[in-house]
file input-v5.cif (mmCIF, C-alpha atoms)
data_query
loop_
_atom_site.label_atom_id
_atom_site.label_comp_id
_atom_site.auth_asym_id
_atom_site.auth_seq_id
_atom_site.Cartn_x
_atom_site.Cartn_y
_atom_site.Cartn_z
CA ASP F 1 61.10 -9.87 -10.06
CA LEU F 2 59.34 -9.41 -6.74
CA ASP F 3 60.64 -6.04 -5.51
CA TYR F 4 60.69 -5.52 -1.74
CA THR F 5 62.15 -2.00 -2.15
CA LYS F 6 58.70 -0.69 -3.13
CA LEU F 7 57.36 -1.44 0.34
CA ARG F 8 56.75 1.61 2.57
CA PHE F 9 57.86 0.79 6.11
CA GLY F 10 59.68 3.58 7.93
CA SER F 11 61.84 3.51 11.03
CA GLY F 12 58.95 4.87 13.12
CA GLN F 13 56.70 2.01 12.05
CA MET F 14 59.53 -0.44 12.73
CA ARG F 15 59.78 0.76 16.35
CA LEU F 16 56.01 0.60 16.71
CA PHE F 17 55.77 -2.91 15.28
CA ASN F 18 58.63 -4.17 17.44
CA GLU F 19 56.76 -2.95 20.52
CA TYR F 20 53.57 -4.85 19.73
CA VAL F 21 54.44 -7.60 17.22
CA VAL F 22 55.71 -10.93 18.53
CA SER F 23 56.55 -12.45 15.14
CA THR F 24 56.13 -11.93 11.40
CA ARG F 25 55.57 -14.52 8.71
CA ILE F 26 55.06 -14.26 4.94
CA ARG F 27 54.27 -17.36 2.93
CA ALA F 28 53.00 -18.41 -0.47
CA ALA F 29 52.42 -21.55 -2.52
CA ARG F 30 54.35 -22.14 -5.76
CA ASN F 31 54.02 -25.03 -8.20
CA ILE F 32 56.15 -26.27 -11.07
CA SER F 33 54.64 -26.12 -14.55
CA GLY F 34 54.41 -29.48 -16.32
CA CYS F 35 53.99 -31.53 -13.13
CA GLY F 36 50.65 -32.51 -11.61
CA LEU F 37 49.48 -30.81 -8.42
CA PRO F 38 49.82 -33.02 -5.31
CA PRO F 39 46.21 -34.32 -5.26
CA GLY F 40 46.53 -35.72 -8.79
CA THR F 41 50.24 -36.09 -9.35
CA SER F 42 52.17 -39.26 -10.12
CA ALA F 43 55.01 -40.65 -8.04
CA GLY F 44 57.37 -39.76 -10.89
CA ASP F 45 56.25 -36.13 -11.03
CA ARG F 46 56.53 -35.82 -7.27
CA LEU F 47 60.13 -37.01 -7.38
CA LYS F 48 60.83 -34.70 -10.33
CA VAL F 49 59.59 -31.73 -8.30
CA GLU F 50 61.67 -32.75 -5.30
CA SER F 51 64.78 -33.16 -7.46
CA LEU F 52 64.37 -29.70 -9.01
CA LEU F 53 63.76 -27.97 -5.69
CA SER F 54 66.48 -29.81 -3.75
CA SER F 55 68.99 -28.90 -6.46
CA ALA F 56 67.96 -25.27 -5.99
CA PHE F 57 68.46 -25.50 -2.23
CA THR F 58 71.90 -27.05 -2.69
CA GLY F 59 72.96 -24.11 -4.83
CA PHE F 60 71.86 -21.41 -2.40
CA THR F 61 74.61 -19.20 -0.94
CA GLY F 62 74.78 -16.36 1.56
CA GLU F 63 71.67 -15.75 3.63
CA LEU F 64 69.68 -18.46 1.84
CA GLN F 65 72.27 -21.23 2.36
CA GLY F 66 70.91 -24.08 4.44
CA VAL F 67 69.96 -27.74 4.60
CA TYR F 68 67.30 -29.94 2.98
CA TYR F 69 65.77 -32.87 4.87
CA LYS F 70 63.98 -35.70 3.09
CA LEU F 71 60.85 -36.31 5.17
CA GLY F 72 61.21 -40.10 5.12
CA GLU F 73 64.86 -40.00 6.26
CA LEU F 74 64.45 -37.84 9.38
CA ASN F 75 65.71 -39.33 12.63
CA LYS F 76 63.99 -38.68 15.98
CA ALA F 77 66.33 -35.84 16.97
CA GLN F 78 65.77 -34.06 13.66
CA LYS F 79 62.01 -34.53 13.92
CA ASP F 80 61.96 -33.15 17.46
CA ASP F 81 64.08 -30.18 16.43
CA LEU F 82 61.96 -29.33 13.38
CA ARG F 83 58.73 -29.88 15.30
CA GLY F 84 59.92 -27.64 18.12
CA ASN F 85 60.44 -24.80 15.64
CA GLY F 86 57.12 -25.38 13.89
CA PHE F 87 58.92 -26.50 10.71
CA LEU F 88 57.70 -30.10 10.50
CA PHE F 89 54.53 -30.96 8.61
CA GLN F 90 52.74 -34.15 9.58
CA LYS F 91 51.16 -36.96 7.59
CA PRO F 92 47.45 -36.12 7.24
CA LYS F 93 45.00 -38.29 9.18
CA PRO F 94 42.91 -40.81 7.21
CA THR F 95 39.81 -38.65 7.77
CA ASN F 96 41.53 -35.45 6.61
CA LEU F 97 40.25 -33.69 3.46
CA PHE F 98 43.87 -33.59 2.30
CA THR F 99 43.91 -37.40 2.35
CA TYR F 100 40.52 -37.71 0.65
CA ALA F 101 41.80 -35.42 -2.12
CA GLY F 102 44.62 -37.88 -2.83
CA ALA F 103 47.51 -35.66 -1.80
CA ALA F 104 48.83 -38.10 0.81
CA ARG F 105 49.62 -40.92 -1.61
CA ASP F 106 53.08 -42.55 -1.33
CA TRP F 107 53.74 -40.72 1.94
CA PRO F 108 56.48 -39.67 2.79
CA ASP F 109 58.25 -40.26 -0.57
CA GLY F 110 59.29 -37.17 -2.49
CA ARG F 111 58.55 -34.81 0.39
CA GLY F 112 60.88 -32.72 2.47
CA ILE F 113 61.74 -29.57 4.38
CA PHE F 114 64.37 -26.92 3.74
CA HIS F 115 65.49 -24.12 6.04
CA ASN F 116 68.43 -21.75 5.84
CA ASP F 117 71.12 -21.74 8.50
CA ALA F 118 69.60 -18.73 10.25
CA ARG F 119 66.18 -20.43 10.19
CA SER F 120 64.61 -17.32 8.76
CA VAL F 121 63.33 -18.96 5.55
CA LEU F 122 61.62 -22.31 5.13
CA CYS F 123 60.28 -24.41 2.25
CA TRP F 124 57.90 -27.35 2.41
CA VAL F 125 58.23 -29.66 -0.58
CA ASN F 126 55.25 -31.65 -1.91
CA GLU F 127 52.93 -31.03 1.00
CA GLU F 128 49.70 -29.31 -0.14
CA ASP F 129 51.57 -27.72 -3.04
CA HIS F 130 54.89 -28.42 -4.77
CA CYS F 131 56.55 -25.76 -2.64
CA ARG F 132 55.37 -23.64 0.26
CA ILE F 133 57.74 -20.67 0.58
CA ILE F 134 57.93 -19.12 4.05
CA ALA F 135 59.99 -16.25 5.45
CA MET F 136 59.79 -15.34 9.13
CA SER F 137 61.20 -13.34 12.00
CA GLY F 138 60.73 -13.19 15.77
CA ASP F 139 59.99 -9.45 15.65
CA GLY F 140 58.06 -6.87 13.66
CA ASN F 141 60.55 -6.31 10.83
CA VAL F 142 58.03 -6.88 8.04
CA LYS F 143 60.23 -5.39 5.34
CA GLY F 144 63.16 -7.65 6.26
CA VAL F 145 60.89 -10.70 6.14
CA PHE F 146 59.43 -9.64 2.79
CA GLU F 147 62.93 -9.07 1.42
CA ARG F 148 63.90 -12.66 2.26
CA PHE F 149 60.62 -13.93 0.84
CA CYS F 150 61.28 -12.12 -2.45
CA ARG F 151 64.86 -13.40 -2.68
CA LEU F 152 63.75 -16.97 -2.04
CA SER F 153 60.89 -16.82 -4.53
CA ASN F 154 63.06 -15.22 -7.22
CA ALA F 155 65.86 -17.74 -6.63
CA LEU F 156 63.51 -20.71 -7.03
CA ARG F 157 62.01 -19.16 -10.16
CA ASP F 158 65.48 -18.72 -11.66
CA VAL F 159 66.37 -22.37 -11.02
CA ALA F 160 63.10 -23.53 -12.60
CA THR F 161 63.81 -21.35 -15.65
CA ALA F 162 67.38 -22.70 -15.92
CA GLN F 163 65.95 -26.24 -15.97
CA GLY F 164 63.53 -25.42 -18.78
CA THR F 165 60.37 -24.93 -16.77
CA LYS F 166 58.62 -22.22 -14.72
CA PHE F 167 56.13 -21.62 -11.94
CA MET F 168 52.58 -22.66 -12.76
CA THR F 169 50.71 -19.44 -13.66
CA SER F 170 47.73 -18.11 -15.56
CA LYS F 171 47.47 -14.63 -17.09
CA LYS F 172 43.96 -14.32 -15.64
CA LEU F 173 44.34 -16.11 -12.28
CA GLY F 174 47.99 -15.57 -11.37
CA PHE F 175 49.85 -18.34 -9.55
CA LEU F 176 47.99 -21.67 -9.59
CA GLY F 177 47.80 -24.01 -6.64
CA THR F 178 45.95 -26.86 -5.00
CA CYS F 179 43.58 -24.66 -2.98
CA PRO F 180 41.39 -22.26 -5.01
CA SER F 181 41.57 -19.72 -2.17
CA ASN F 182 45.27 -19.23 -2.99
CA LEU F 183 44.80 -18.27 -6.64
CA GLY F 184 46.51 -15.01 -7.52
CA THR F 185 49.53 -14.25 -5.41
CA GLY F 186 48.94 -17.17 -3.05
CA LEU F 187 50.48 -14.87 -0.44
CA ARG F 188 49.59 -14.60 3.23
CA ALA F 189 51.47 -11.96 5.22
CA SER F 190 50.80 -12.11 8.94
CA VAL F 191 51.93 -10.76 12.27
CA MET F 192 51.35 -12.25 15.70
CA ILE F 193 50.49 -9.16 17.69
CA LYS F 194 49.75 -8.39 21.36
CA LEU F 195 46.40 -6.59 21.70
CA PRO F 196 45.27 -6.80 25.34
CA GLU F 197 42.81 -3.89 25.03
CA LEU F 198 41.26 -4.86 21.70
CA ASN F 199 41.08 -8.42 22.99
CA LYS F 200 38.35 -7.13 25.33
CA ASP F 201 36.32 -5.93 22.33
CA VAL F 202 36.65 -8.51 19.56
CA HIS F 203 33.86 -6.85 17.56
CA LEU F 204 35.90 -3.64 17.36
CA LEU F 205 39.01 -5.59 16.31
CA GLU F 206 37.07 -7.37 13.57
CA LYS F 207 35.64 -4.04 12.40
CA VAL F 208 39.10 -2.46 12.09
CA CYS F 209 40.49 -5.51 10.30
CA ALA F 210 37.56 -5.57 7.85
CA ALA F 211 38.19 -1.92 6.96
CA TRP F 212 41.71 -2.88 5.82
CA ASP F 213 40.79 -6.25 4.29
CA LEU F 214 42.57 -8.10 7.07
CA GLN F 215 41.65 -11.30 8.89
CA PRO F 216 42.16 -11.74 12.66
CA ARG F 217 42.76 -15.27 13.92
CA GLY F 218 43.44 -16.67 17.36
CA SER F 219 46.88 -17.62 18.65
CA ALA F 220 46.67 -21.13 17.20
CA GLY F 221 45.04 -20.17 13.91
CA GLU F 222 41.50 -19.88 12.62
CA HIS F 223 38.69 -20.49 15.14
CA SER F 224 41.13 -20.62 18.07
CA ALA F 225 41.32 -18.42 21.17
CA ALA F 226 43.65 -15.42 21.41
CA VAL F 227 45.73 -16.67 24.34
CA GLY F 228 47.22 -13.79 26.30
CA GLY F 229 45.61 -11.29 23.91
CA LYS F 230 47.82 -12.43 21.02
CA TRP F 231 46.20 -12.30 17.59
CA ASP F 232 47.34 -13.50 14.19
CA VAL F 233 46.44 -10.73 11.73
CA SER F 234 46.90 -11.25 7.98
CA ASN F 235 45.71 -10.10 4.57
CA LYS F 236 42.35 -11.55 3.58
CA GLN F 237 42.81 -11.25 -0.19
CA ARG F 238 45.08 -13.26 -2.47
CA ILE F 239 43.99 -12.25 -5.96
CA GLY F 240 43.61 -8.87 -7.67
CA PHE F 241 46.65 -7.28 -6.02
CA THR F 242 50.42 -7.64 -6.24
CA GLU F 243 52.49 -9.16 -3.46
CA VAL F 244 53.80 -5.71 -2.54
CA GLU F 245 50.28 -4.27 -2.38
CA LEU F 246 49.05 -7.05 -0.09
CA VAL F 247 51.97 -6.73 2.31
CA GLN F 248 51.51 -2.94 2.27
CA LYS F 249 47.83 -3.29 3.12
CA MET F 250 48.77 -5.51 6.05
CA ILE F 251 51.36 -2.96 7.29
CA ASP F 252 48.94 -0.03 6.98
CA GLY F 253 46.10 -1.93 8.63
CA VAL F 254 48.19 -3.16 11.53
CA THR F 255 49.49 0.40 12.04
CA LYS F 256 45.85 1.51 12.41
CA ILE F 257 45.15 -1.37 14.79
CA ILE F 258 48.10 -0.40 17.00
CA ALA F 259 46.92 3.24 17.05
CA ILE F 260 43.49 2.13 18.31
CA GLU F 261 45.10 -0.23 20.84
CA GLN F 262 47.10 2.73 22.18
CA ARG F 263 43.98 4.91 22.43
CA LEU F 264 42.17 2.22 24.38
CA ALA F 265 45.17 1.81 26.69
CA ARG F 266 44.97 5.55 27.47
CA GLY F 267 41.34 5.13 28.47
CA GLU F 268 39.89 6.77 25.37
CA SER F 269 36.70 5.45 23.81
CA VAL F 270 36.67 4.20 20.22
CA ASN F 271 33.37 3.89 18.36
CA ALA F 272 33.32 0.89 16.04
CA SER F 273 30.96 2.68 13.65
CA THR F 274 33.58 5.39 12.94
CA VAL F 275 36.52 3.05 12.27
#

call {"tool": "encode", "arguments": {"input": "input-v5.cif", "output": "structure tokens"}}
result
Amino acid sequence: DLDYTKLRFGSGQMRLFNEYVVSTRIRAARNISGCGLPPGTSAGDRLKVESLLSSAFTGFTGELQGVYYKLGELNKAQKDDLRGNGFLFQKPKPTNLFTYAGAARDWPDGRGIFHNDARSVLCWVNEEDHCRIIAMSGDGNVKGVFERFCRLSNALRDVATAQGTKFMTSKKLGFLGTCPSNLGTGLRASVMIKLPELNKDVHLLEKVCAAWDLQPRGSAGEHSAAVGGKWDVSNKQRIGFTEVELVQKMIDGVTKIIAIEQRLARGESVNASTV
């Protein structure tokens, strides 16, 4: 089991994160053993994956209870609602690498979106991978988000096991997925954080992030600008560590980043070479 209780995140850090962090998101790719990955799968396998996952969603209770939408059956109001919350994934353009790889065949058949009633967990079915698991929050409660992520991942694993299959894994490489960069845990834990002072010295921000194996991205993702001094900061690694270790590294690194942001706000100088 993924065990969120091993995460170190005290009440003091919670207050600090809630002051600076706009939102938290933890996501990972999971694939069902015995079915082809989206770029090379068959229509039958794609529907088999959707059937297994949708049956899992239907059986969720409590905090995970929610609704599953088949992508091809969405009406305009549903599309607008999901798009407005950043939940809707789009059909790749003809020139997209995703399309060239073959993952857009039979679109939108066998694809869909699940979210719980509180809209704090989300699953994409048969997009880049069989299932993209996402937990999120509009604050800095990283431990709460990781707890939901663990519960969702464990619940899906249990359903797969009950149906005679499992997540696609390798003893050497960990979880397997469509993109080689996601081998291992496949996990990306990120916070959107306000850093007006560090935003004036991007080199210093990059130096601090590198020291903690973190990756800073702009407000709209990689290679985008940090609008209003808001940065997306996440773990750089996927493989060689456990999920708990990667989330912990993100927490510890962001704590350091906030400490430097506070020093800069007080007018103190911070030397990048000593970070």

call {"tool": "closest_residue", "arguments": {"input": "input-v5.cif", "among": "F:Ser181, F:Asp129, F:Asn75, F:Trp107", "to": "F:Lys93", "atoms": "all atoms listed in the file"}}
result
F:Trp107

call {"tool": "resolve_selection", "arguments": {"input": "input-v5.cif", "expression": "the PyMOL selection byres ((chain F and resi 226-231) around 7)", "output": "VMD selection string"}}
result
chain F and resid 192 to 196 199 216 to 219 224 to 225 232 to 233

call {"tool": "resolve_selection", "arguments": {"input": "input-v5.cif", "expression": "the PyMOL selection byres ((chain F and resi 248) around 10)", "output": "short mmCIF file (atom, residue, chain, number, x, y, z; two decimals) with C-alpha atoms, in the frame of the given file"}}
result
data_model
loop_
_atom_site.label_atom_id
_atom_site.label_comp_id
_atom_site.auth_asym_id
_atom_site.auth_seq_id
_atom_site.Cartn_x
_atom_site.Cartn_y
_atom_site.Cartn_z
CA LYS F 6 58.70 -0.69 -3.13
CA LEU F 7 57.36 -1.44 0.34
CA ARG F 8 56.75 1.61 2.57
CA PHE F 9 57.86 0.79 6.11
CA VAL F 142 58.03 -6.88 8.04
CA LYS F 143 60.23 -5.39 5.34
CA ALA F 189 51.47 -11.96 5.22
CA ASN F 235 45.71 -10.10 4.57
CA THR F 242 50.42 -7.64 -6.24
CA GLU F 243 52.49 -9.16 -3.46
CA VAL F 244 53.80 -5.71 -2.54
CA GLU F 245 50.28 -4.27 -2.38
CA LEU F 246 49.05 -7.05 -0.09
CA VAL F 247 51.97 -6.73 2.31
CA LYS F 249 47.83 -3.29 3.12
CA MET F 250 48.77 -5.51 6.05
CA ILE F 251 51.36 -2.96 7.29
CA ASP F 252 48.94 -0.03 6.98
CA GLY F 253 46.10 -1.93 8.63
CA VAL F 254 48.19 -3.16 11.53
#

call {"tool": "closest_residue", "arguments": {"input": "input-v5.cif", "among": "F:Ser170, F:Thr61, F:Ser51, F:Thr178", "to": "F:Asn31", "atoms": "all atoms listed in the file"}}
result
F:Thr178

call {"tool": "resolve_selection", "arguments": {"input": "input-v5.cif", "expression": "the PyMOL selection byres ((chain F and resi 115) around 12)", "output": "ChimeraX atom specification"}}
result
/F:54,57-58,60,63-69,82,85-88,112-114,116-125,132-136,152

call {"tool": "residues_near_point", "arguments": {"input": "input-v5.cif", "point": "(51.9, -17.4, -10.1)", "cutoff": "8 Å", "atoms": "all atoms listed in the file", "output": "NGL selection string"}}
result
:F and (30 or 167-170 or 173-176 or 183-186)

call {"tool": "atom_distance", "arguments": {"input": "input-v5.cif", "atom1": "atom CA of F:Gln90", "atom2": "atom CA of F:Cys179"}}
result
18.2 Å

call {"tool": "closest_residue", "arguments": {"input": "input-v5.cif", "among": "F:Phe98, F:Gly59, F:Asp109, F:Val145", "to": "F:Glu73", "atoms": "all atoms listed in the file"}}
result
F:Asp109

call {"tool": "closest_residue", "arguments": {"input": "input-v5.cif", "among": "F:Leu2, F:Leu16, F:Ala103, F:Leu53", "to": "F:Thr41", "atoms": "all atoms listed in the file"}}
result
F:Ala103

call {"tool": "closest_residue", "arguments": {"input": "input-v5.cif", "among": "F:Asp106, F:Glu128, F:Glu19, F:Asp80", "to": "F:Pro38", "atoms": "only C-alpha atoms"}}
result
F:Glu128

call {"tool": "atom_distance", "arguments": {"input": "input-v5.cif", "atom1": "atom CA of F:Ser273", "atom2": "atom CA of F:Lys207"}}
result
8.3 Å

call {"tool": "residues_around", "arguments": {"input": "input-v5.cif", "residues": "F:Asn18", "least_positions_apart": "2", "cutoff": "12 Å", "atoms": "all atoms listed in the file", "output": "list in words"}}
result
Ser11, Gly12, Gln13, Met14, Arg15, Leu16, Tyr20, Val21, Val22, Ser23, Thr24, Ser137, Gly138, Asp139, Gly140, Asn141, Val142, Val191, Met192, Ile193, Lys194, Thr255 and Ile258 of chain F

call {"tool": "residues_near_point", "arguments": {"input": "input-v5.cif", "point": "(60.7, -25.3, -15.8)", "cutoff": "12 Å", "atoms": "all atoms listed in the file", "output": "list in words"}}
result
Asn31, Ile32, Ser33, Gly34, Cys35, Lys48, Val49, Leu52, Leu53, Leu156, Arg157, Asp158, Val159, Ala160, Thr161, Ala162, Gln163, Gly164, Thr165, Lys166, Phe167, Met168 and Thr169 of chain F

call {"tool": "build_atoms", "arguments": {"input": "input-v5.cif", "residues": "stretch 230-249 of chain F", "atoms": "N, CA and C atoms", "output": "PDB file, in the coordinates of the input"}}
result
ATOM      1  N   LYS F 230      46.995 -12.381  22.235  1.00  0.00           N
ATOM      2  CA  LYS F 230      47.820 -12.430  21.020  1.00  0.00           C
ATOM      3  C   LYS F 230      46.964 -12.869  19.838  1.00  0.00           C
ATOM      4  N   TRP F 231      46.991 -12.042  18.792  1.00  0.00           N
ATOM      5  CA  TRP F 231      46.200 -12.300  17.590  1.00  0.00           C
ATOM      6  C   TRP F 231      47.098 -12.450  16.372  1.00  0.00           C
ATOM      7  N   ASP F 232      46.693 -13.353  15.494  1.00  0.00           N
ATOM      8  CA  ASP F 232      47.340 -13.500  14.190  1.00  0.00           C
ATOM      9  C   ASP F 232      46.526 -12.672  13.202  1.00  0.00           C
ATOM     10  N   VAL F 233      47.136 -11.625  12.655  1.00  0.00           N
ATOM     11  CA  VAL F 233      46.440 -10.730  11.730  1.00  0.00           C
ATOM     12  C   VAL F 233      47.113 -10.810  10.367  1.00  0.00           C
ATOM     13  N   SER F 234      46.328 -11.068   9.321  1.00  0.00           N
ATOM     14  CA  SER F 234      46.900 -11.250   7.980  1.00  0.00           C
ATOM     15  C   SER F 234      45.991 -10.675   6.917  1.00  0.00           C
ATOM     16  N   ASN F 235      46.525 -10.551   5.699  1.00  0.00           N
ATOM     17  CA  ASN F 235      45.710 -10.100   4.570  1.00  0.00           C
ATOM     18  C   ASN F 235      44.656 -11.140   4.229  1.00  0.00           C
ATOM     19  N   LYS F 236      43.464 -10.668   3.917  1.00  0.00           N
ATOM     20  CA  LYS F 236      42.350 -11.550   3.580  1.00  0.00           C
ATOM     21  C   LYS F 236      42.366 -11.941   2.107  1.00  0.00           C
ATOM     22  N   GLN F 237      42.845 -11.033   1.256  1.00  0.00           N
ATOM     23  CA  GLN F 237      42.810 -11.250  -0.190  1.00  0.00           C
ATOM     24  C   GLN F 237      44.068 -11.972  -0.667  1.00  0.00           C
ATOM     25  N   ARG F 238      43.943 -12.618  -1.824  1.00  0.00           N
ATOM     26  CA  ARG F 238      45.080 -13.260  -2.470  1.00  0.00           C
ATOM     27  C   ARG F 238      45.203 -12.803  -3.926  1.00  0.00           C
ATOM     28  N   ILE F 239      44.042 -12.527  -4.533  1.00  0.00           N
ATOM     29  CA  ILE F 239      43.990 -12.250  -5.960  1.00  0.00           C
ATOM     30  C   ILE F 239      43.551 -10.807  -6.202  1.00  0.00           C
ATOM     31  N   GLY F 240      44.009 -10.229  -7.312  1.00  0.00           N
ATOM     32  CA  GLY F 240      43.610  -8.870  -7.670  1.00  0.00           C
ATOM     33  C   GLY F 240      44.585  -7.806  -7.227  1.00  0.00           C
ATOM     34  N   PHE F 241      45.625  -8.210  -6.508  1.00  0.00           N
ATOM     35  CA  PHE F 241      46.650  -7.280  -6.020  1.00  0.00           C
ATOM     36  C   PHE F 241      48.022  -7.926  -6.215  1.00  0.00           C
ATOM     37  N   THR F 242      49.060  -7.105  -6.206  1.00  0.00           N
ATOM     38  CA  THR F 242      50.420  -7.640  -6.240  1.00  0.00           C
ATOM     39  C   THR F 242      50.846  -8.043  -4.837  1.00  0.00           C
ATOM     40  N   GLU F 243      51.951  -8.784  -4.769  1.00  0.00           N
ATOM     41  CA  GLU F 243      52.490  -9.160  -3.460  1.00  0.00           C
ATOM     42  C   GLU F 243      52.831  -7.930  -2.623  1.00  0.00           C
ATOM     43  N   VAL F 244      53.439  -6.931  -3.259  1.00  0.00           N
ATOM     44  CA  VAL F 244      53.800  -5.710  -2.540  1.00  0.00           C
ATOM     45  C   VAL F 244      52.553  -5.014  -2.001  1.00  0.00           C
ATOM     46  N   GLU F 245      51.515  -4.936  -2.812  1.00  0.00           N
ATOM     47  CA  GLU F 245      50.280  -4.270  -2.380  1.00  0.00           C
ATOM     48  C   GLU F 245      49.645  -4.984  -1.196  1.00  0.00           C
ATOM     49  N   LEU F 246      49.658  -6.305  -1.200  1.00  0.00           N
ATOM     50  CA  LEU F 246      49.050  -7.050  -0.090  1.00  0.00           C
ATOM     51  C   LEU F 246      49.834  -6.885   1.197  1.00  0.00           C
ATOM     52  N   VAL F 247      51.157  -6.937   1.107  1.00  0.00           N
ATOM     53  CA  VAL F 247      51.970  -6.730   2.310  1.00  0.00           C
ATOM     54  C   VAL F 247      51.797  -5.296   2.816  1.00  0.00           C
ATOM     55  N   GLN F 248      51.708  -4.344   1.882  1.00  0.00           N
ATOM     56  CA  GLN F 248      51.510  -2.940   2.270  1.00  0.00           C
ATOM     57  C   GLN F 248      50.174  -2.744   2.978  1.00  0.00           C
ATOM     58  N   LYS F 249      49.130  -3.397   2.483  1.00  0.00           N
ATOM     59  CA  LYS F 249      47.830  -3.290   3.120  1.00  0.00           C
ATOM     60  C   LYS F 249      47.881  -3.862   4.538  1.00  0.00           C
TER      61      LYS F 249
END
